[in-house]
$ cat protein_31.tsv   # TSV, C-alpha atoms
chain	number	residue	atom	x	y	z
Y	14	MET	CA	17.31	-70.19	4.21
Y	15	ASN	CA	14.17	-68.81	5.88
Y	16	CYS	CA	16.27	-66.65	8.13
Y	17	LYS	CA	18.17	-65.14	5.21
Y	18	LEU	CA	14.91	-64.50	3.41
Y	19	SER	CA	13.43	-62.74	6.46
Y	20	ILE	CA	16.44	-60.50	6.92
Y	21	LEU	CA	16.41	-59.70	3.24
Y	22	THR	CA	12.70	-58.79	3.48
Y	23	PHE	CA	13.41	-56.61	6.52
Y	24	LEU	CA	16.27	-54.82	4.80
Y	25	THR	CA	14.19	-54.31	1.65
Y	26	LEU	CA	11.33	-52.83	3.69
Y	27	PHE	CA	13.74	-50.63	5.61
Y	28	ALA	CA	15.44	-49.33	2.46
Y	29	THR	CA	12.08	-48.71	0.76
Y	30	ALA	CA	10.86	-46.74	3.76
Y	31	LEU	CA	14.00	-44.63	3.82
Y	32	THR	CA	13.92	-43.77	0.14
Y	33	GLU	CA	10.20	-43.32	-0.43
Y	34	TYR	CA	8.99	-41.61	2.72
Y	35	ALA	CA	11.14	-39.87	5.23
Y	36	TRP	CA	11.08	-36.99	7.62
Y	37	ALA	CA	12.46	-33.93	5.93
Y	38	ASP	CA	15.78	-32.92	7.39
Y	39	ALA	CA	15.81	-29.27	8.42
Y	40	LYS	CA	19.14	-28.98	6.62
Y	41	LEU	CA	17.49	-30.09	3.39
Y	42	LEU	CA	14.73	-27.48	3.16
Y	43	THR	CA	14.09	-23.81	3.81
Y	44	ILE	CA	10.56	-22.56	4.43
Y	45	ARG	CA	10.14	-18.81	4.44
Y	46	GLY	CA	7.34	-16.32	4.41
Y	47	LEU	CA	7.50	-13.78	1.59
Y	48	TYR	CA	6.04	-11.04	3.80
Y	49	GLU	CA	7.55	-9.42	6.86
Y	50	ARG	CA	6.63	-10.93	10.22
Y	51	SER	CA	4.85	-7.70	11.15
Y	52	SER	CA	2.48	-8.36	8.22
Y	53	TYR	CA	1.22	-11.66	9.63
Y	54	THR	CA	-2.18	-10.16	10.35
Y	55	VAL	CA	-5.78	-11.30	10.00
Y	56	ASN	CA	-7.18	-11.24	6.47
Y	57	THR	CA	-3.75	-10.94	4.86
Y	58	THR	CA	-3.08	-13.69	2.32
Y	59	LEU	CA	0.40	-14.83	3.31
Y	60	PRO	CA	2.63	-16.63	0.77
Y	61	PHE	CA	5.19	-19.16	1.99
Y	62	VAL	CA	7.85	-20.66	-0.26
Y	63	ILE	CA	9.71	-23.95	0.24
Y	64	ASP	CA	13.12	-24.41	-1.39
Y	65	SER	CA	15.63	-27.23	-1.19
Y	66	ARG	CA	19.15	-26.34	-0.25
Y	67	ASN	CA	20.59	-28.63	-2.93
Y	68	GLY	CA	18.61	-27.04	-5.77
Y	69	GLN	CA	16.18	-29.93	-6.26
Y	70	GLU	CA	12.67	-29.04	-7.35
Y	71	VAL	CA	10.13	-28.97	-4.50
Y	72	LYS	CA	6.51	-29.92	-5.12
Y	73	ILE	CA	4.08	-29.42	-2.24
Y	74	LEU	CA	1.54	-32.25	-2.14
Y	75	ARG	CA	-0.48	-31.32	0.91
Y	76	VAL	CA	-0.52	-28.81	3.75
Y	77	GLU	CA	-2.45	-29.28	6.96
Y	78	MET	CA	-2.89	-26.69	9.68
Y	79	ALA	CA	-3.44	-27.00	13.40
Y	80	ASN	CA	-4.44	-24.66	16.25
Y	81	ILE	CA	-6.58	-22.48	14.04
Y	82	LYS	CA	-10.16	-23.27	15.14
Y	83	GLY	CA	-11.38	-23.21	11.54
Y	84	ALA	CA	-10.32	-19.62	11.01
Y	85	CYS	CA	-7.62	-20.11	8.38
Y	86	GLY	CA	-7.78	-20.98	4.71
Y	87	MET	CA	-4.96	-22.51	2.71
Y	88	ARG	CA	-4.17	-23.18	-0.94
Y	89	ILE	CA	-1.16	-24.57	-2.76
Y	90	ASP	CA	-0.25	-22.22	-5.61
Y	91	PRO	CA	-1.34	-23.91	-8.87
Y	92	PHE	CA	1.36	-22.01	-10.76
Y	93	ARG	CA	4.22	-22.42	-8.31
Y	94	ALA	CA	4.34	-25.89	-6.81
Y	95	ASN	CA	6.69	-24.79	-4.00
Y	96	VAL	CA	4.43	-21.98	-2.72
Y	97	PHE	CA	1.39	-22.18	-0.45
Y	98	LEU	CA	-0.92	-19.36	0.64
Y	99	VAL	CA	-2.58	-18.94	4.03
Y	100	ARG	CA	-5.18	-16.46	5.22
Y	101	CYS	CA	-6.66	-16.33	8.71
Y	102	SER	CA	-9.75	-14.44	9.77
Y	103	SER	CA	-8.86	-14.35	13.45
Y	104	ALA	CA	-5.71	-14.01	15.49
Y	105	GLY	CA	-3.88	-17.02	16.87
Y	106	GLN	CA	-1.04	-19.43	16.31
Y	107	VAL	CA	-0.86	-21.78	13.34
Y	108	ASP	CA	1.23	-24.92	12.89
Y	109	PHE	CA	1.76	-26.58	9.53
Y	110	ARG	CA	2.29	-30.21	8.56
Y	111	ILE	CA	3.53	-30.40	4.98
Y	112	LEU	CA	3.85	-33.36	2.63
Y	113	LEU	CA	6.12	-32.66	-0.32
Y	114	GLU	CA	8.03	-34.23	-3.16
Y	115	LEU	CA	11.72	-33.60	-3.46
Y	116	GLY	CA	13.26	-35.27	-6.48
Y	117	SER	CA	11.76	-38.74	-6.54
Y	118	SER	CA	11.19	-38.92	-2.78
Y	119	THR	CA	8.26	-37.93	-0.58
Y	120	PHE	CA	8.94	-36.05	2.64
Y	121	GLU	CA	6.90	-34.86	5.56
Y	122	THR	CA	7.95	-31.76	7.43
Y	123	PHE	CA	6.58	-29.39	10.03
Y	124	PHE	CA	6.60	-25.59	10.10
Y	125	GLY	CA	5.53	-23.13	12.73
Y	126	PRO	CA	4.03	-22.01	14.89
Y	127	ILE	CA	3.50	-18.63	13.29
Y	128	SER	CA	1.53	-15.93	15.10
Y	129	ILE	CA	-1.30	-14.16	13.31
Y	130	ASP	CA	-2.08	-10.83	14.96
Y	131	ASN	CA	-5.04	-8.55	14.71
Y	132	PHE	CA	-4.58	-5.76	12.20
Y	133	GLN	CA	-5.04	-3.20	14.95
Y	134	ASP	CA	-2.32	-4.72	17.13
Y	135	ASN	CA	0.34	-4.08	14.52
Y	136	LEU	CA	-0.85	-0.82	13.07
Y	137	GLY	CA	-2.30	1.23	15.87
Y	138	SER	CA	-5.69	2.85	15.63
Y	139	THR	CA	-7.65	1.69	12.61
Y	140	GLY	CA	-11.05	1.66	14.24
Y	141	SER	CA	-14.25	2.95	12.78
Y	142	GLY	CA	-14.74	6.14	14.74
Y	143	SER	CA	-14.26	7.27	18.28
Y	144	PRO	CA	-12.49	5.06	20.84
Y	145	VAL	CA	-14.47	2.11	22.13
Y	146	ASP	CA	-14.72	1.59	25.88
Y	147	ASP	CA	-17.18	-1.32	26.03
Y	148	PRO	CA	-15.17	-4.57	25.67
Y	149	GLU	CA	-18.09	-6.31	23.92
Y	150	ILE	CA	-18.40	-3.51	21.39
Y	151	PHE	CA	-14.63	-3.62	20.92
Y	152	LYS	CA	-14.82	-7.38	20.31
Y	153	GLY	CA	-17.70	-6.82	17.88
Y	154	GLN	CA	-15.63	-4.19	16.11
Y	155	GLN	CA	-12.76	-6.66	15.76
Y	156	LEU	CA	-15.11	-9.33	14.39
Y	157	PHE	CA	-16.59	-6.80	11.95
Y	158	GLY	CA	-13.05	-5.86	10.89
Y	159	SER	CA	-12.10	-9.50	10.38
Y	160	TYR	CA	-15.22	-10.87	8.69
Y	161	CYS	CA	-17.32	-8.03	7.27
Y	162	VAL	CA	-15.30	-4.94	6.42
Y	163	ARG	CA	-13.80	-6.37	3.24
Y	164	CYS	CA	-17.27	-6.10	1.63
Y	165	HIS	CA	-18.84	-3.47	3.91
Y	166	LEU	CA	-15.94	-1.06	3.87
Y	167	VAL	CA	-17.90	2.00	2.90
Y	168	GLU	CA	-21.57	1.04	3.02
Y	169	ARG	CA	-22.03	-0.25	6.55
Y	170	PRO	CA	-25.05	-2.34	7.55
Y	171	HIS	CA	-27.73	-0.25	9.25
Y	172	ALA	CA	-27.24	0.39	12.97
Y	173	SER	CA	-30.53	-1.36	13.75
Y	174	THR	CA	-29.42	-4.60	12.04
Y	175	THR	CA	-30.41	-7.62	14.15
Y	176	VAL	CA	-28.71	-10.99	14.59
Y	177	ALA	CA	-31.59	-12.51	12.57
Y	178	ASP	CA	-30.86	-10.02	9.75
Y	179	ILE	CA	-27.19	-11.04	9.69
Y	180	LYS	CA	-28.04	-14.76	9.77
Y	181	SER	CA	-30.54	-14.27	6.98
Y	182	ALA	CA	-27.98	-12.38	4.88
Y	183	ILE	CA	-25.38	-15.15	5.40
Y	184	ARG	CA	-27.99	-17.68	4.20
Y	185	THR	CA	-29.40	-15.74	1.27
Y	186	VAL	CA	-26.97	-13.13	-0.12
Y	187	PRO	CA	-24.98	-15.05	-2.79
Y	188	SER	CA	-21.56	-13.53	-2.01
Y	189	MET	CA	-22.07	-14.17	1.72
Y	190	ARG	CA	-23.45	-17.66	1.17
Y	191	GLN	CA	-20.25	-18.60	-0.67
Y	192	ASP	CA	-18.00	-17.26	2.08
Y	193	ALA	CA	-16.97	-20.23	4.22
Y	194	GLN	CA	-15.51	-17.96	6.88
Y	195	LEU	CA	-18.88	-16.39	7.66
Y	196	ARG	CA	-20.32	-19.81	8.49
Y	197	THR	CA	-17.79	-20.13	11.31
Y	198	LEU	CA	-19.37	-17.18	13.17
Y	199	THR	CA	-21.31	-18.35	16.20
Y	200	GLU	CA	-24.54	-16.88	17.56
Y	201	ALA	CA	-22.46	-15.17	20.26
Y	202	ASN	CA	-20.12	-13.69	17.60
Y	203	LEU	CA	-23.10	-12.33	15.65
Y	204	GLU	CA	-24.51	-10.77	18.80
Y	205	LEU	CA	-21.19	-8.95	19.35
Y	206	VAL	CA	-21.24	-7.71	15.74
Y	207	ARG	CA	-24.84	-6.54	16.21
Y	208	LYS	CA	-23.84	-4.72	19.36
Y	209	PHE	CA	-20.99	-2.99	17.54
Y	210	LEU	CA	-23.27	-1.97	14.65
Y	211	GLY	CA	-25.85	-0.66	17.13
Y	212	SER	CA	-23.20	1.43	18.88
Y	213	ARG	CA	-22.64	3.43	15.68
Y	214	LYS	CA	-26.06	5.10	15.80
N	285	MET	CA	14.70	-72.74	15.73
N	286	LYS	CA	15.58	-69.67	17.80
N	287	ARG	CA	16.98	-67.92	14.75
N	288	GLY	CA	13.78	-68.71	12.87
N	289	LEU	CA	11.62	-67.19	15.63
N	290	PHE	CA	13.85	-64.12	15.75
N	291	ALA	CA	13.50	-63.64	12.01
N	292	VAL	CA	9.71	-63.91	12.20
N	293	ALA	CA	9.64	-61.43	15.09
N	294	MET	CA	11.77	-58.98	13.12
N	295	LEU	CA	9.54	-59.34	10.09
N	296	CYS	CA	6.44	-58.68	12.22
N	297	LEU	CA	8.18	-55.70	13.83
N	298	ALA	CA	9.19	-54.33	10.44
N	299	THR	CA	5.64	-54.76	9.17
N	300	LEU	CA	4.26	-52.91	12.18
N	301	VAL	CA	6.84	-50.14	12.10
N	302	PHE	CA	6.54	-49.45	8.39
N	303	GLN	CA	2.85	-50.24	7.88
N	304	ASN	CA	2.07	-46.62	7.03
N	305	CYS	CA	4.89	-46.17	4.57
N	306	GLY	CA	4.52	-45.99	0.82
N	307	ALA	CA	1.72	-43.73	-0.33
N	308	PRO	CA	0.72	-41.91	2.87
N	309	THR	CA	-2.86	-40.87	3.42
N	310	TYR	CA	-3.68	-38.04	5.78
N	311	LYS	CA	-6.68	-37.64	7.96
N	312	ASN	CA	-7.82	-34.52	9.70
N	313	VAL	CA	-6.95	-34.83	13.34
N	314	GLY	CA	-9.91	-34.42	15.65
N	315	ASP	CA	-12.76	-32.14	14.73
N	316	PRO	CA	-12.95	-31.72	10.93
N	317	SER	CA	-14.04	-28.11	11.44
N	318	LEU	CA	-10.55	-27.39	12.75
N	319	ALA	CA	-9.03	-28.30	9.42
N	320	GLY	CA	-9.54	-24.88	7.82
N	321	PHE	CA	-11.08	-24.13	4.47
N	322	ASP	CA	-9.94	-23.91	0.86
N	323	LEU	CA	-8.74	-20.42	0.17
N	324	ALA	CA	-9.90	-18.86	-3.10
N	325	TYR	CA	-6.85	-18.39	-5.34
N	326	PRO	CA	-6.46	-14.65	-5.88
N	327	TYR	CA	-4.52	-14.72	-9.18
N	328	SER	CA	-5.68	-15.56	-12.71
N	329	ALA	CA	-2.18	-16.34	-14.00
N	330	LYS	CA	1.23	-17.14	-12.59
N	331	PRO	CA	2.03	-14.15	-10.38
N	332	GLN	CA	5.39	-12.44	-10.75
N	333	PHE	CA	4.85	-10.98	-7.29
N	334	TYR	CA	2.53	-11.88	-4.43
N	335	VAL	CA	0.51	-8.83	-3.43
N	336	ASP	CA	-2.05	-8.29	-0.71
N	337	ALA	CA	-3.98	-5.11	0.05
N	338	GLN	CA	-6.30	-4.06	2.85
N	339	VAL	CA	-8.11	-0.77	3.24
N	340	LEU	CA	-9.66	0.49	6.44
N	341	TYR	CA	-11.39	3.79	6.86
N	342	LYS	CA	-12.96	5.83	9.55
N	343	LYS	CA	-15.47	8.61	9.16
N	344	MET	CA	-14.24	11.66	10.98
N	345	GLU	CA	-16.61	12.92	13.65
N	346	GLY	CA	-18.91	15.77	12.67
N	347	VAL	CA	-17.66	16.18	9.09
N	348	ASP	CA	-18.30	14.19	5.93
N	349	ILE	CA	-14.64	13.25	5.49
N	350	ARG	CA	-13.17	9.79	5.53
N	351	GLU	CA	-9.71	8.83	6.62
N	352	PHE	CA	-8.33	5.84	4.74
N	353	LYS	CA	-5.57	3.56	5.92
N	354	VAL	CA	-4.04	1.48	3.11
N	355	PHE	CA	-1.93	-1.58	3.93
N	356	VAL	CA	-0.17	-3.34	1.05
N	357	ASN	CA	2.27	-6.25	1.11
N	358	ILE	CA	4.51	-7.25	-1.78
N	359	GLY	CA	6.40	-10.57	-1.85
N	360	ASP	CA	8.96	-11.59	-4.44
N	361	PRO	CA	8.98	-15.37	-4.97
N	362	LYS	CA	12.24	-15.26	-6.90
N	363	SER	CA	15.47	-15.40	-4.96
N	364	THR	CA	17.08	-12.57	-6.91
N	365	ARG	CA	17.01	-10.24	-3.90
N	366	GLU	CA	16.46	-7.20	-6.12
N	367	GLU	CA	14.51	-4.18	-4.99
N	368	VAL	CA	10.99	-3.64	-6.34
N	369	SER	CA	9.61	-0.22	-7.33
N	370	TYR	CA	5.93	0.27	-6.61
N	371	GLN	CA	3.10	2.72	-7.06
N	372	VAL	CA	-0.22	2.40	-5.21
N	373	ASP	CA	-3.29	4.20	-6.53
N	374	VAL	CA	-6.57	4.41	-4.60
N	375	GLN	CA	-9.59	5.16	-6.78
N	376	ASP	CA	-13.32	4.67	-6.95
N	377	SER	CA	-15.02	2.44	-9.53
N	378	LYS	CA	-14.95	5.22	-12.16
N	379	GLY	CA	-11.26	5.98	-11.73
N	380	GLU	CA	-11.77	9.07	-9.58
N	381	VAL	CA	-8.77	9.53	-7.32
N	382	LEU	CA	-9.53	9.02	-3.63
N	383	CYS	CA	-5.96	9.35	-2.35
N	384	PRO	CA	-2.76	10.72	-3.87
N	385	SER	CA	-0.58	8.05	-5.51
N	386	HIS	CA	1.91	6.50	-3.13
N	387	SER	CA	5.19	5.26	-4.62
N	388	GLY	CA	8.54	3.99	-3.41
N	389	VAL	CA	10.92	1.05	-3.34
N	390	ILE	CA	10.67	-2.23	-1.45
N	391	LEU	CA	14.11	-3.53	-0.48
N	392	PRO	CA	14.94	-7.25	-0.15
N	393	GLY	CA	13.57	-8.53	3.16
N	394	GLN	CA	10.85	-5.88	3.26
N	395	SER	CA	7.24	-6.31	2.14
N	396	ALA	CA	4.93	-3.83	3.88
N	397	ILE	CA	3.64	-0.46	2.69
N	398	LEU	CA	1.32	1.52	4.94
N	399	PHE	CA	-0.04	4.97	4.27
N	400	ASP	CA	-2.99	7.15	5.22
N	401	CYS	CA	-5.01	9.67	3.32
N	402	VAL	CA	-8.02	11.83	3.98
N	403	SER	CA	-10.75	12.20	1.39
N	404	ALA	CA	-13.99	14.14	1.26
N	405	TYR	CA	-15.13	12.06	-1.67
N	406	ILE	CA	-17.70	9.39	-0.74
N	407	ALA	CA	-17.32	6.27	-2.90
N	408	SER	CA	-19.41	3.13	-2.88
N	409	GLN	CA	-16.43	1.13	-4.08
N	410	VAL	CA	-12.72	1.48	-3.45
N	411	ARG	CA	-10.10	0.16	-5.85
N	412	VAL	CA	-6.46	-0.25	-4.92
N	413	ILE	CA	-4.16	-0.57	-7.94
N	414	VAL	CA	-0.63	-1.76	-7.21
N	415	SER	CA	1.88	-1.31	-10.04
N	416	LEU	CA	5.24	-3.04	-9.68
N	417	ARG	CA	8.53	-2.96	-11.54
N	418	GLN	CA	11.70	-4.98	-11.03
N	419	SER	CA	14.35	-4.72	-13.78
N	420	SER	CA	12.39	-5.57	-16.94
N	421	ASN	CA	9.51	-7.25	-15.03
N	422	LYS	CA	6.29	-5.27	-14.67
N	423	ASP	CA	3.06	-6.29	-13.03
N	424	THR	CA	-0.17	-4.61	-11.99
N	425	VAL	CA	-2.56	-6.04	-9.41
N	426	GLN	CA	-5.98	-4.54	-8.68
N	427	PHE	CA	-8.09	-5.01	-5.55
N	428	ILE	CA	-11.74	-4.03	-5.29
N	429	PHE	CA	-13.34	-3.32	-1.91
$ encode --input "protein_31.tsv" --output "structure tokens"
Amino acid sequence: MNCKLSILTFLTLFATALTEYAWADAKLLTIRGLYERSSYTVNTTLPFVIDSRNGQEVKILRVEMANIKGACGMRIDPFRANVFLVRCSSAGQVDFRILLELGSSTFETFFGPISIDNFQDNLGSTGSGSPVDDPEIFKGQQLFGSYCVRCHLVERPHASTTVADIKSAIRTVPSMRQDAQLRTLTEANLELVRKFLGSRK
Amino acid sequence: MKRGLFAVAMLCLATLVFQNCGAPTYKNVGDPSLAGFDLAYPYSAKPQFYVDAQVLYKKMEGVDIREFKVFVNIGDPKSTREEVSYQVDVQDSKGEVLCPSHSGVILPGQSAILFDCVSAYIASQVRVIVSLRQSSNKDTVQFIF
């Protein structure tokens, strides 16, 4: 009697696990980026859509990213439950771990890695003036392009801007204070940005 | 007796194997700072198309002229695989034209538009207005830089 009960419990647990939480079969889902691969660049908000091959409705519950060193942001689309958006402020590879609902079941699946490239790598020269020979200034230029140019496109910070000035602006200027990406910049990063700004005298 | 022990062992094994089933809870692996940040949602309503725009410029040496490079991506979330007509306008905050309008068609599988223009007009703000049309669907998305 006890034996039968134990086996029954085991089978019940096993069946529950299979129906309620399973690894998503690659044949069951398609995950695709809506932009061309060549557009996977820094500061581009990339939409990804998940569809089921059997027409069932997909609802993304959670997306986690790896290998990004804090440089990527993610959001599930509040209007389209099967779409998530990703934007990275620096180049690198990103892996995704996705929890989703398909019909009445919950699945976990993995996607990636995808490569995020620097804007310049894909598009040729988009610098801010004459060619840069100093690798530190070049790195500073890339950081400025990734973190700053979206707000300082036309009106650049003054060439004599110091690291303390930049840190102070990140702390006090409201739009900069709200920008989580800026807080990921290290002292060394800010020094490279300062060096780039100084080179534009 | 042996069968009883086996059943208990199987039950323990099943409990261990499936202990994390049911409502799964995730934790950030390792350093929480590696988990990324919440991205601000760029649309105020359900988007018919996903659109992204970036503008880079460089000031040409010795003259007060700026060269703009405009990079736009358009993604169609529907699986209709229809082409999308677009027009991209680059203006300042008062609607003054900085670059000639750029228009064309995005075919299924494509997303990227890239064009350059040169402008002598110095603006403190750049607006990129992307107008889209697909059959009877129309949408306009504006970016301010």
$ closest_residue --input "protein_31.tsv" --among "N:Gln409, N:Ser415, N:Ser369, N:Gln426" --to "Pro392 of chain N" --atoms "all atoms listed in the file"
N:Ser369
$ closest_residue --input "protein_31.tsv" --among "Y:Val76, Y:Leu42, Y:Leu203, Y:Ala193" --to "Phe97 of chain Y" --atoms "all atoms listed in the file"
Y:Val76
$ axis_aligned_box --input "protein_31.tsv" --around "segment 74-81 of chain Y" --padding-each-side "8 Å" --output "AutoDock Vina command-line options"
--center_x -2.5 --center_y -27.4 --center_z 7.1 --size_x 24.1 --size_y 25.8 --size_z 34.4
$ residues_around --input "protein_31.tsv" --residues "segment 331-342 of chain N" --least-positions-apart "2" --cutoff "6 Å" --atoms "only C-alpha atoms" --output "JSON, numbers by chain"
{"Y": [141, 142], "N": [329, 350, 351, 352, 353, 354, 355, 356, 357, 358, 359, 360]}
$ residues_around --input "protein_31.tsv" --residues "Ala407 of chain N" --least-positions-apart "3" --cutoff "10 Å" --atoms "all atoms listed in the file" --output "ChimeraX atom specification"
/Y:167-168 /N:375-378,380,382,403-404,410-411
$ closest_residue --input "protein_31.tsv" --among "N:Ser408, N:Ser363, N:Ser387, N:Gln371" --to "chain Y" --atoms "only C-alpha atoms"
N:Ser408
$ atom_distance --input "protein_31.tsv" --atom1 "atom CA of Val374 of chain N" --atom2 "atom CA of Asp423 of chain N"
16.7 Å
$ residues_around --input "protein_31.tsv" --residues "Ile111 of chain Y" --least-positions-apart "3" --cutoff "12 Å" --atoms "all atoms listed in the file" --output "PyMOL selection string"
(chain Y and resi 36-37+42+44+61-63+71-79+87+89+95-97+108+114+119-125) or (chain N and resi 310)
$ atom_distance --input "protein_31.tsv" --atom1 "atom CA of Val381 of chain N" --atom2 "atom CA of Val368 of chain N"
23.8 Å
